[in-house]
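Read through the structure below, which is laid out as structure tokens, and then see the notes.
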Amino acid sequence: MNALKRRDLPEEQRRALRRQLLRRSGVYVAAIVLCLWILIPIWLIATMAFSTPADVRAFPKPFFPNPISTDTITFFLNAEGILSSTANSIIVAMLTFILSTIVATPAGYAISRFVFRGRDAIRLGILSVRAFPIVILAVPLAITFINLGIYDNVFSLALLHTALVLPTSVLVIASVFASVPYELEEAAQVFGCTPFEAFFRVVIPLTLPGIAAAGVFAFVTSWNEVFAAVLLTLTNRTLPAQILFSLNKASDPFKFAGGFFMLVPSLIFIFFIRRYLFNMWGQISK
């Protein structure tokens with residue numbers, strides 16, 4: 001029936017339908033290629049992590065673990081410093097998530113809602129922080145932390161990671177606040193809410209997906225960051241720093257299991273917070 005209907009259409013409309021079909025097919029093909037580009041390495045790392053050490057060392061590598069074994073993961077977990085560095089990474093990432101959210105939420109609200117002299121300059125200054133290489137911040141901060149007596153501390157590393165993610169978090173949250181009409185706050189105040197209550201009862205629920213997205217960015221960035229972690233820690237290393245320290249003398253099972261453990265917490269964190277991300281994308285699509 002659809003084919004018969006298309007034959008009855010003028011030539012220009014049929015050409016437009018073919019172009020639309022080609023564009024849609026191109027989008028689907030690009031989405032599939034992008035998903036495979038991301039998922040295939042994750043699958044191969046997971047396969048190696050759940051294979052026996054002998055299969056990990058074999059060539060060619062198996063595409064499915066046969067048999068499924070936890071020997072490689074057990075070998076990795078029993079390596080010196082892995083469990084403590086994993087705990088340090090979780091602590092640092094959660095502190096970065098909390099601190100960046102606490103600071104970026106009111107800062108983003110102020111930038112999006114209030115008109116004051118120098119607002120554009122402040123926005124540009126916040127964004128320009130991301131232009132500095134991490135080495136420019138890490139080396140002076142390492143000296144400062146040593147002088148203050150807080151060197152080799154997970155809390156000082158969390159402060160640095162917070163400083164790294166704050167520019168992006170502030171700008172993301174500010175854009176989300178800007179998408180919420182100010183008339184909603186005014187209406188809440190008309191019905192008896194104070195500005196503070198209108199902010200928490202009206203604005204925060206509407207912008208929670210965007211705030212969650214900024215939090216995911218902060219968590220994943222802190223979890224994967226390695227350069228500052230290497231410079232600012234010695235005995236209290238995070239997992240990326242510990243893996244990098246052991247990489248030159250590590251075997252293949254250690255490397256694949258380490259890659260798997262680097263992926264898991266981020267995937268779990270995104271899994272639990274995914275509904276906020278989907279809500280944000282749904283709001284944008286409207």
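Chain labels follow the order of the structure tokens: the first chain is A, the next B, and so on; residue numbering restarts at 1 in every chain, and ligands are counted from 1 in their shown order.
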- Item | Spatial neighbours of range 137-151 of chain A, 6 Å, only C-alpha atoms, chain gap at least 2 places, as a PyMOL selection string | chain A and resi 134-135+153+228+232
For the interface of range 189-285 of chain A with range 104-107 of chain A (cut-off 10 Å, counting only C-alpha atoms), please tabulate each contacting residue of range 189-285 of chain A alongside its nearest pair of atoms and their separation in Å to one decimal, rows sorted by chain and increasing number, as JSON lines.
```
{"residue": "A:Ile204", "atom": "CA", "partner": "A:Thr105", "partner_atom": "CA", "distance": 9.3}
{"residue": "A:Thr207", "atom": "CA", "partner": "A:Thr105", "partner_atom": "CA", "distance": 9.9}
{"residue": "A:Ile211", "atom": "CA", "partner": "A:Thr105", "partner_atom": "CA", "distance": 7.4}
{"residue": "A:Ala214", "atom": "CA", "partner": "A:Ala104", "partner_atom": "CA", "distance": 8.9}
{"residue": "A:Gly215", "atom": "CA", "partner": "A:Ala104", "partner_atom": "CA", "distance": 9.7}
```
Please produce a file of those selected residues containing N, CA and C atoms, as an mmCIF file, in the first residue's frame.
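Result saved to again-v4.cif:
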```
data_model
loop_
_atom_site.group_PDB
_atom_site.id
_atom_site.type_symbol
_atom_site.label_atom_id
_atom_site.label_comp_id
_atom_site.auth_asym_id
_atom_site.auth_seq_id
_atom_site.Cartn_x
_atom_site.Cartn_y
_atom_site.Cartn_z
ATOM 1 N N ILE A 204 14.563 23.595 41.342
ATOM 2 C CA ILE A 204 15.428 22.414 41.509
ATOM 3 C C ILE A 204 14.808 21.152 40.921
ATOM 4 N N THR A 207 15.233 21.250 37.147
ATOM 5 C CA THR A 207 16.621 21.238 36.654
ATOM 6 C C THR A 207 17.429 20.056 37.182
ATOM 7 N N ILE A 211 21.445 18.953 36.558
ATOM 8 C CA ILE A 211 22.386 18.889 37.673
ATOM 9 C C ILE A 211 22.981 17.492 37.776
ATOM 10 N N ALA A 214 25.652 17.076 35.134
ATOM 11 C CA ALA A 214 26.903 17.710 35.553
ATOM 12 C C ALA A 214 27.598 16.865 36.615
ATOM 13 N N GLY A 215 26.820 16.245 37.507
ATOM 14 C CA GLY A 215 27.413 15.372 38.513
ATOM 15 C C GLY A 215 28.059 14.143 37.914
#
```
- Check range 94-271 of chain A with DSSP on the backbone and list each residue it calls helix (DSSP H, G or I), as JSON, numbers by chain. {"A": [94, 95, 96, 97, 98, 99, 100, 101, 102, 103, 104, 105, 106, 107, 108, 109, 110, 111, 112, 113, 119, 120, 121, 122, 123, 124, 125, 126, 127, 128, 129, 130, 131, 134, 135, 136, 137, 138, 139, 140, 141, 142, 143, 144, 145, 146, 147, 148, 154, 155, 156, 157, 158, 159, 160, 161, 162, 163, 164, 165, 166, 167, 168, 169, 170, 171, 172, 173, 174, 175, 176, 177, 178, 182, 183, 184, 185, 186, 187, 188, 189, 190, 195, 196, 197, 198, 199, 200, 201, 202, 203, 204, 205, 206, 207, 208, 209, 210, 211, 212, 213, 214, 215, 216, 217, 218, 219, 220, 221, 222, 223, 224, 227, 228, 229, 230, 231, 232, 239, 240, 241, 242, 243, 244, 245, 246, 247, 248, 249, 252, 253, 254, 255, 256, 257, 258, 259, 260, 261, 262, 263, 264, 265, 266, 267, 268, 269, 270, 271]}
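One finds CA of Pro205 in chain A at 14.2 Å from CA of Tyr182 in chain A.
Using only C-alpha atoms, the protein and nucleic acid residues lying no more than 8 Å from Val165 in chain A, apart from those fewer than 2 places from it along its own chain, are Ser100, His161, Thr162, Ala163, Pro167, Thr168, Ser169, Phe217, Ala218 and Thr221 of chain A.
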Could I get the residues of range 226-253 of chain A with an atom no further than 10 Å from an atom of range 261-271 of chain A, each paired with its nearest atom pair and that distance in Å to one decimal, using only C-alpha atoms, sorted by chain and residue number, as a Markdown table?
```
| residue | atom | partner | partner_atom | distance |
| --- | --- | --- | --- | --- |
| A:Leu239 | CA | A:Met262 | CA | 7.7 |
| A:Pro240 | CA | A:Met262 | CA | 7.5 |
| A:Ile243 | CA | A:Met262 | CA | 9.6 |
```
Please write the residues from the selection above to a file, keeping C-alpha atoms, as a PDB file, in the first residue's frame.
```pdb
ATOM      1  CA  LEU A 239      43.263   3.366  41.034  1.00  0.00           C
ATOM      2  CA  PRO A 240      44.429   5.025  37.759  1.00  0.00           C
ATOM      3  CA  ILE A 243      47.652   0.979  37.615  1.00  0.00           C
TER       4      ILE A 243
END
```
- Any idea what's packed within 12 Å of Asn78 in chain A, counting only C-alpha atoms, ignoring anything in its chain fewer than 6 positions away? Could you give it as number ranges by chain? A: 71-72, 84, 254, 257-258
- Fewer than 4 positions away in the same chain doesn't count, so skip those; otherwise give me all residues within 7 Å of range 54-68 of chain A, counting only C-alpha atoms, as a list of chain:residue names.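 Near range 54-68 of chain A, the qualifying residues are A:Leu44, A:Thr47, A:Met48, A:Phe50, A:Asp252, A:Pro253.
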